[in-house]
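Text of the file upload_8.json, holding JSON, C-alpha atoms:
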[["chain", "number", "residue", "atom", "x", "y", "z"],
["A", 1, "MET", "CA", -134.07, 121.27, 18.81],
["A", 2, "ALA", "CA", -133.51, 121.80, 15.11],
["A", 3, "GLY", "CA", -132.26, 118.20, 14.80],
["A", 4, "LEU", "CA", -135.43, 116.91, 16.41],
["A", 5, "VAL", "CA", -137.62, 118.97, 14.08],
["A", 6, "SER", "CA", -135.74, 117.66, 11.05],
["A", 7, "GLN", "CA", -136.13, 114.07, 12.30],
["A", 8, "MET", "CA", -139.85, 114.53, 12.89],
["A", 9, "SER", "CA", -140.33, 115.96, 9.43],
["A", 10, "SER", "CA", -138.79, 112.87, 7.84],
["A", 11, "MET", "CA", -141.01, 110.42, 9.73],
["A", 12, "SER", "CA", -143.81, 108.77, 7.79],
["A", 13, "LEU", "CA", -146.71, 106.55, 8.86],
["A", 14, "SER", "CA", -148.08, 103.69, 6.84],
["A", 15, "SER", "CA", -150.73, 101.14, 7.75],
["A", 16, "LYS", "CA", -148.90, 98.00, 6.65],
["A", 17, "GLY", "CA", -149.56, 94.74, 8.43],
["A", 18, "MET", "CA", -152.38, 93.61, 10.63],
["A", 19, "PHE", "CA", -150.76, 94.52, 13.94],
["A", 20, "GLY", "CA", -151.07, 98.30, 13.73],
["A", 21, "SER", "CA", -149.46, 101.25, 12.03],
["A", 22, "HIS", "CA", -145.85, 101.07, 10.96],
["A", 23, "ALA", "CA", -143.78, 104.22, 11.45],
["A", 24, "VAL", "CA", -140.53, 104.65, 9.54],
["A", 25, "LEU", "CA", -137.98, 107.17, 10.77],
["A", 26, "GLN", "CA", -135.21, 108.20, 8.38],
["A", 27, "THR", "CA", -132.08, 109.66, 9.91],
["A", 28, "SER", "CA", -129.22, 111.25, 8.08],
["A", 29, "SER", "CA", -126.66, 110.99, 10.91],
["A", 30, "SER", "CA", -125.88, 107.27, 10.47],
["A", 31, "GLY", "CA", -125.39, 107.33, 6.73],
["A", 32, "ALA", "CA", -127.39, 107.74, 3.58],
["A", 33, "GLY", "CA", -130.56, 105.69, 3.40],
["A", 34, "ALA", "CA", -130.37, 104.35, 6.97],
["A", 35, "ARG", "CA", -133.83, 103.62, 8.33],
["A", 36, "ARG", "CA", -135.19, 102.86, 11.78],
["A", 37, "SER", "CA", -138.62, 101.31, 12.06],
["A", 38, "LEU", "CA", -141.04, 101.67, 14.93],
["A", 39, "THR", "CA", -144.23, 99.63, 15.15],
["A", 40, "VAL", "CA", -147.24, 101.21, 16.92],
["A", 41, "VAL", "CA", -149.54, 98.50, 18.26],
["A", 42, "ALA", "CA", -153.05, 99.22, 19.57],
["A", 43, "ALA", "CA", -154.69, 96.95, 22.16],
["A", 44, "LYS", "CA", -157.45, 94.96, 20.55],
["A", 45, "LYS", "CA", -159.99, 92.49, 21.89],
["A", 46, "TRP", "CA", -158.32, 89.51, 20.24],
["A", 47, "VAL", "CA", -154.89, 90.33, 21.69],
["A", 48, "LYS", "CA", -154.05, 87.71, 24.30],
["A", 49, "GLN", "CA", -153.36, 88.51, 27.93],
["A", 50, "LYS", "CA", -149.87, 88.81, 29.37],
["A", 51, "LEU", "CA", -148.52, 85.46, 30.51],
["A", 52, "ASN", "CA", -146.11, 84.67, 33.32],
["A", 53, "LYS", "CA", -143.08, 82.41, 32.94],
["A", 54, "ASN", "CA", -145.22, 79.27, 33.38],
["A", 55, "GLY", "CA", -147.52, 80.26, 30.54],
["A", 56, "ASN", "CA", -150.47, 81.13, 32.80],
["A", 57, "PRO", "CA", -152.23, 84.53, 32.64],
["A", 58, "GLU", "CA", -150.95, 87.17, 35.04],
["A", 59, "LEU", "CA", -153.47, 87.63, 37.84],
["A", 60, "VAL", "CA", -154.69, 91.02, 39.05],
["A", 61, "LYS", "CA", -154.13, 91.79, 42.74],
["A", 62, "MET", "CA", -157.51, 92.71, 44.22],
["A", 63, "HIS", "CA", -158.59, 94.08, 47.57],
["A", 64, "VAL", "CA", -161.94, 92.26, 47.57],
["A", 65, "LEU", "CA", -162.96, 88.61, 47.68],
["A", 66, "LYS", "CA", -166.12, 86.63, 46.94],
["A", 67, "GLY", "CA", -168.71, 87.13, 49.68],
["A", 68, "ASP", "CA", -167.44, 90.57, 50.82],
["A", 69, "THR", "CA", -169.96, 93.34, 51.45],
["A", 70, "VAL", "CA", -169.02, 96.36, 49.34],
["A", 71, "GLN", "CA", -170.25, 99.84, 48.49],
["A", 72, "VAL", "CA", -170.09, 101.10, 44.91],
["A", 73, "ILE", "CA", -168.06, 104.35, 44.72],
["A", 74, "ALA", "CA", -168.29, 105.09, 40.98],
["A", 75, "GLY", "CA", -170.77, 104.69, 38.16],
["A", 76, "GLY", "CA", -174.54, 104.70, 37.86],
["A", 77, "ASP", "CA", -175.08, 102.63, 41.02],
["A", 78, "LYS", "CA", -172.88, 104.87, 43.18],
["A", 79, "GLY", "CA", -173.67, 104.55, 46.88],
["A", 80, "LYS", "CA", -175.43, 101.16, 46.73],
["A", 81, "VAL", "CA", -174.34, 98.42, 49.15],
["A", 82, "SER", "CA", -174.33, 94.78, 48.09],
["A", 83, "GLU", "CA", -172.40, 91.51, 48.17],
["A", 84, "ILE", "CA", -169.83, 90.16, 45.72],
["A", 85, "VAL", "CA", -171.09, 87.11, 43.81],
["A", 86, "SER", "CA", -167.97, 86.26, 41.77],
["A", 87, "VAL", "CA", -164.43, 87.50, 41.15],
["A", 88, "ASN", "CA", -162.39, 87.21, 37.93],
["A", 89, "LEU", "CA", -158.68, 87.44, 38.81],
["A", 90, "LYS", "CA", -157.57, 87.42, 35.15],
["A", 91, "THR", "CA", -159.46, 90.60, 34.19],
["A", 92, "GLY", "CA", -159.83, 92.35, 37.56],
["A", 93, "LYS", "CA", -163.64, 92.44, 37.24],
["A", 94, "ILE", "CA", -166.23, 91.48, 39.82],
["A", 95, "LEU", "CA", -169.92, 90.61, 39.75],
["A", 96, "VAL", "CA", -171.93, 92.31, 42.51],
["A", 97, "LYS", "CA", -175.48, 91.27, 43.40],
["A", 98, "GLU", "CA", -178.10, 93.60, 41.82],
["A", 99, "ILE", "CA", -175.49, 96.17, 40.72],
["A", 100, "ASN", "CA", -174.96, 97.26, 37.09],
["A", 101, "MET", "CA", -178.17, 95.62, 35.91],
["A", 102, "GLN", "CA", -178.51, 95.16, 32.15],
["A", 103, "THR", "CA", -181.51, 94.21, 30.05],
["A", 104, "LYS", "CA", -181.19, 91.37, 27.56],
["A", 105, "HIS", "CA", -183.88, 90.67, 24.96],
["A", 106, "VAL", "CA", -184.03, 86.95, 24.17],
["A", 107, "LYS", "CA", -185.68, 85.78, 20.96],
["A", 108, "PRO", "CA", -187.94, 82.72, 21.07],
["A", 109, "ARG", "CA", -186.21, 79.49, 20.01],
["A", 110, "THR", "CA", -189.31, 77.87, 18.57],
["A", 111, "SER", "CA", -192.47, 79.25, 17.00],
["A", 112, "ASP", "CA", -194.70, 78.34, 19.96],
["A", 113, "GLU", "CA", -192.29, 79.81, 22.57],
["A", 114, "ALA", "CA", -192.53, 83.46, 23.66],
["A", 115, "GLY", "CA", -189.63, 85.89, 23.76],
["A", 116, "GLN", "CA", -188.26, 87.18, 27.06],
["A", 117, "ILE", "CA", -186.72, 90.27, 28.58],
["A", 118, "ILE", "CA", -184.12, 89.26, 31.15],
["A", 119, "GLN", "CA", -182.55, 91.54, 33.77],
["A", 120, "ARG", "CA", -179.05, 90.43, 34.78],
["A", 121, "GLU", "CA", -175.96, 91.81, 36.51],
["A", 122, "ALA", "CA", -172.93, 92.84, 34.51],
["A", 123, "VAL", "CA", -169.34, 92.95, 35.77],
["A", 124, "ILE", "CA", -167.65, 96.08, 37.10],
["A", 125, "HIS", "CA", -164.00, 96.83, 37.80],
["A", 126, "HIS", "CA", -162.81, 96.08, 41.33],
["A", 127, "SER", "CA", -161.50, 99.64, 41.76],
["A", 128, "ASN", "CA", -165.08, 100.95, 41.65],
["A", 129, "VAL", "CA", -166.00, 99.39, 45.00],
["A", 130, "MET", "CA", -164.86, 99.72, 48.62],
["A", 131, "LEU", "CA", -165.37, 97.32, 51.50],
["A", 132, "TYR", "CA", -168.33, 98.19, 53.71],
["A", 133, "SER", "CA", -168.98, 97.64, 57.42],
["A", 134, "LYS", "CA", -172.59, 96.62, 58.09],
["A", 135, "THR", "CA", -172.32, 97.25, 61.82],
["A", 136, "LYS", "CA", -170.94, 100.81, 61.67],
["A", 137, "GLU", "CA", -172.40, 101.56, 58.19],
["A", 138, "VAL", "CA", -169.18, 103.08, 56.84],
["A", 139, "ARG", "CA", -166.96, 102.19, 53.88],
["A", 140, "SER", "CA", -163.28, 101.60, 54.38],
["A", 141, "ARG", "CA", -160.02, 100.57, 52.81],
["A", 142, "VAL", "CA", -158.67, 97.11, 53.57],
["A", 143, "GLY", "CA", -155.59, 96.47, 55.68],
["A", 144, "TYR", "CA", -153.59, 93.35, 56.43],
["A", 145, "LYS", "CA", -152.11, 92.33, 59.77],
["A", 146, "VAL", "CA", -150.48, 89.22, 61.19],
["A", 147, "LYS", "CA", -152.06, 87.79, 64.34],
["A", 148, "ASP", "CA", -150.09, 86.31, 67.24],
["A", 149, "ASP", "CA", -150.53, 82.77, 65.91],
["A", 150, "GLY", "CA", -148.92, 83.80, 62.57],
["A", 151, "LYS", "CA", -152.13, 84.01, 60.54],
["A", 152, "LYS", "CA", -152.50, 86.90, 58.10],
["A", 153, "VAL", "CA", -155.97, 88.48, 58.29],
["A", 154, "ARG", "CA", -157.75, 91.30, 56.48],
["A", 155, "TYR", "CA", -159.35, 94.12, 58.43],
["A", 156, "LEU", "CA", -161.19, 97.38, 57.76],
["A", 157, "VAL", "CA", -158.91, 100.36, 58.36],
["A", 158, "ALA", "CA", -161.71, 102.76, 59.42],
["A", 159, "THR", "CA", -163.34, 100.49, 61.99],
["A", 160, "GLY", "CA", -160.64, 97.95, 62.85],
["A", 161, "GLU", "CA", -162.99, 94.97, 62.46],
["A", 162, "GLU", "CA", -161.61, 91.79, 60.93],
["A", 163, "LEU", "CA", -163.09, 90.27, 57.79]]
Write-out of the structure in structure tokens:
Amino acid sequence: MAGLVSQMSSMSLSSKGMFGSHAVLQTSSSGAGARRSLTVVAAKKWVKQKLNKNGNPELVKMHVLKGDTVQVIAGGDKGKVSEIVSVNLKTGKILVKEINMQTKHVKPRTSDEAGQIIQREAVIHHSNVMLYSKTKEVRSRVGYKVKDDGKKVRYLVATGEEL
């Protein structure tokens, strides 16, 4: 414990470089003046996504697809039922019809044109929705099963109906 405290007391942080803070840890066990460096990197908007071995972005596994009927389970629109308009597999975000509405104020482009206030949907994370059964009016998790002909189908766990 005392060794750890002495190591922590000799650690210093500096903000060198554009990729984050640079921590330098000096240890006395491996000789005089030996230094180990540790770079702390924060996730930033301009940091690129993780790529697979082919150079393509890694895709997020999602339980919903375009056209599914879902119920929102978190956020300001909690409890609302709607349909998925689009799915972004790179970010794991979905666009749901008339959910997470945002107001955008658009300036006029020319002097004789009037400005506008536009209501539009914004994306939400796929984990904030669950699949919804219109017939039984209940939300459910999704399950996968293989039919007799070898086809893999999705079904609602609570009701058993196929999607």
Practice prompt. Please write as a list in words the list of polymer residues whose atoms come within 10 Å of (-164.5, 103.5, 63.7), counting only C-alpha atoms and keeping to the coordinates of the file.
Written response: Ser133, Lys136, Glu137, Val138, Ser140, Leu156, Val157, Ala158, Thr159, Gly160 and Glu161 of chain A
Practice prompt. Could you check how far atom CA of A:Thr91 sits from atom CA of A:Leu65, in Å to one decimal?
Written response: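 Result for atom CA of A:Thr91 versus atom CA of A:Leu65: 14.1 Å, one decimal.
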Worksheet item: How would you write as a PyMOL selection string the residues that get within 12 Å of (-170.0, 104.2, 38.4) in the file's frame, counting all atoms listed in the file?
Response: chain A and resi 71-80+99-100+123-129
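The nearest approach to A:Val142 among the residues A:Glu98, A:Val64, A:Val106, A:Ala122, with all atoms listed in the file taken into account, belongs to A:Val64.
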Fill in: From A:Asn88, A:Gln49, A:Gln102, A:Thr135, residue lying nearest A:Lys61 [only C-alpha atoms]
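Checking each candidate against A:Lys61, we get A:Asn88 as the closest.
Going from atom CA of A:Glu121 to atom CA of A:Trp46 covers 24.1 Å.
One finds atom CA of A:Thr69 at 15.3 Å from atom CA of A:Gly143.
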To test the calculation: enclose all listed atoms of stretch 138-149 of chain A in a box whose edges run along x, y and z, add 8 Å on each side, then state centre and edge lengths in Å to one decimal, as lines of an AutoDock Vina configuration file.
center_x = -159.6
center_y = 92.9
center_z = 60.0
size_x = 35.1
size_y = 36.3
size_z = 30.4
Worksheet item: In terms of the shortest atom-to-atom distance over only C-alpha atoms, which of A:Pro108, A:Gly115, A:Gly150, A:Gly67 is closest to A:Leu95?
Response: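 Counting only C-alpha atoms, the residue closest to A:Leu95 is A:Gly67.
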Working from the structure I just supplied, which lacks atoms in stretch 54-75 of chain A, can you model N, CA and C atoms there and output them as a PDB file, in the coordinates of the input?
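Output (part-v6.pdb):
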ATOM      1  N   ASN A  54    -144.652  80.614  33.498  1.00  0.00           N
ATOM      2  CA  ASN A  54    -145.220  79.270  33.380  1.00  0.00           C
ATOM      3  C   ASN A  54    -146.244  79.165  32.258  1.00  0.00           C
ATOM      4  N   GLY A  55    -146.551  80.273  31.615  1.00  0.00           N
ATOM      5  CA  GLY A  55    -147.520  80.260  30.540  1.00  0.00           C
ATOM      6  C   GLY A  55    -148.951  80.521  30.991  1.00  0.00           C
ATOM      7  N   ASN A  56    -149.138  80.812  32.271  1.00  0.00           N
ATOM      8  CA  ASN A  56    -150.470  81.130  32.800  1.00  0.00           C
ATOM      9  C   ASN A  56    -150.706  82.632  32.749  1.00  0.00           C
ATOM     10  N   PRO A  57    -151.974  83.079  32.663  1.00  0.00           N
ATOM     11  CA  PRO A  57    -152.230  84.530  32.640  1.00  0.00           C
ATOM     12  C   PRO A  57    -151.812  85.185  33.948  1.00  0.00           C
ATOM     13  N   GLU A  58    -151.301  86.421  33.837  1.00  0.00           N
ATOM     14  CA  GLU A  58    -150.950  87.170  35.040  1.00  0.00           C
ATOM     15  C   GLU A  58    -152.230  87.565  35.754  1.00  0.00           C
ATOM     16  N   LEU A  59    -152.277  87.341  37.065  1.00  0.00           N
ATOM     17  CA  LEU A  59    -153.470  87.630  37.840  1.00  0.00           C
ATOM     18  C   LEU A  59    -153.409  89.042  38.410  1.00  0.00           C
ATOM     19  N   VAL A  60    -154.578  89.660  38.531  1.00  0.00           N
ATOM     20  CA  VAL A  60    -154.690  91.020  39.050  1.00  0.00           C
ATOM     21  C   VAL A  60    -154.810  90.940  40.563  1.00  0.00           C
ATOM     22  N   LYS A  61    -154.024  91.744  41.280  1.00  0.00           N
ATOM     23  CA  LYS A  61    -154.130  91.790  42.740  1.00  0.00           C
ATOM     24  C   LYS A  61    -155.364  92.622  43.083  1.00  0.00           C
ATOM     25  N   MET A  62    -156.266  92.026  43.872  1.00  0.00           N
ATOM     26  CA  MET A  62    -157.510  92.710  44.220  1.00  0.00           C
ATOM     27  C   MET A  62    -157.671  92.802  45.729  1.00  0.00           C
ATOM     28  N   HIS A  63    -158.367  93.845  46.154  1.00  0.00           N
ATOM     29  CA  HIS A  63    -158.590  94.080  47.570  1.00  0.00           C
ATOM     30  C   HIS A  63    -159.895  93.487  48.067  1.00  0.00           C
ATOM     31  N   VAL A  64    -160.658  92.847  47.193  1.00  0.00           N
ATOM     32  CA  VAL A  64    -161.940  92.260  47.570  1.00  0.00           C
ATOM     33  C   VAL A  64    -161.965  90.779  47.210  1.00  0.00           C
ATOM     34  N   LEU A  65    -162.801  90.033  47.918  1.00  0.00           N
ATOM     35  CA  LEU A  65    -162.960  88.610  47.680  1.00  0.00           C
ATOM     36  C   LEU A  65    -164.451  88.281  47.542  1.00  0.00           C
ATOM     37  N   LYS A  66    -164.736  87.087  47.067  1.00  0.00           N
ATOM     38  CA  LYS A  66    -166.120  86.630  46.940  1.00  0.00           C
ATOM     39  C   LYS A  66    -166.767  86.590  48.320  1.00  0.00           C
ATOM     40  N   GLY A  67    -167.982  87.127  48.409  1.00  0.00           N
ATOM     41  CA  GLY A  67    -168.710  87.130  49.680  1.00  0.00           C
ATOM     42  C   GLY A  67    -168.545  88.408  50.482  1.00  0.00           C
ATOM     43  N   ASP A  68    -167.626  89.300  50.100  1.00  0.00           N
ATOM     44  CA  ASP A  68    -167.440  90.570  50.820  1.00  0.00           C
ATOM     45  C   ASP A  68    -168.632  91.496  50.587  1.00  0.00           C
ATOM     46  N   THR A  69    -168.954  92.297  51.596  1.00  0.00           N
ATOM     47  CA  THR A  69    -169.960  93.340  51.450  1.00  0.00           C
ATOM     48  C   THR A  69    -169.242  94.600  51.014  1.00  0.00           C
ATOM     49  N   VAL A  70    -169.692  95.189  49.902  1.00  0.00           N
ATOM     50  CA  VAL A  70    -169.020  96.360  49.340  1.00  0.00           C
ATOM     51  C   VAL A  70    -170.009  97.466  49.047  1.00  0.00           C
ATOM     52  N   GLN A  71    -169.473  98.685  48.923  1.00  0.00           N
ATOM     53  CA  GLN A  71    -170.250  99.840  48.490  1.00  0.00           C
ATOM     54  C   GLN A  71    -169.666 100.336  47.183  1.00  0.00           C
ATOM     55  N   VAL A  72    -170.530 100.618  46.211  1.00  0.00           N
ATOM     56  CA  VAL A  72    -170.090 101.100  44.910  1.00  0.00           C
ATOM     57  C   VAL A  72    -169.714 102.571  45.049  1.00  0.00           C
ATOM     58  N   ILE A  73    -168.525 102.966  44.563  1.00  0.00           N
ATOM     59  CA  ILE A  73    -168.060 104.350  44.720  1.00  0.00           C
ATOM     60  C   ILE A  73    -168.006 105.100  43.393  1.00  0.00           C
ATOM     61  N   ALA A  74    -168.312 104.426  42.281  1.00  0.00           N
ATOM     62  CA  ALA A  74    -168.290 105.090  40.980  1.00  0.00           C
ATOM     63  C   ALA A  74    -169.291 104.432  40.058  1.00  0.00           C
ATOM     64  N   GLY A  75    -169.852 105.224  39.145  1.00  0.00           N
ATOM     65  CA  GLY A  75    -170.770 104.690  38.160  1.00  0.00           C
ATOM     66  C   GLY A  75    -172.222 105.014  38.475  1.00  0.00           C
TER      67      GLY A  75
END
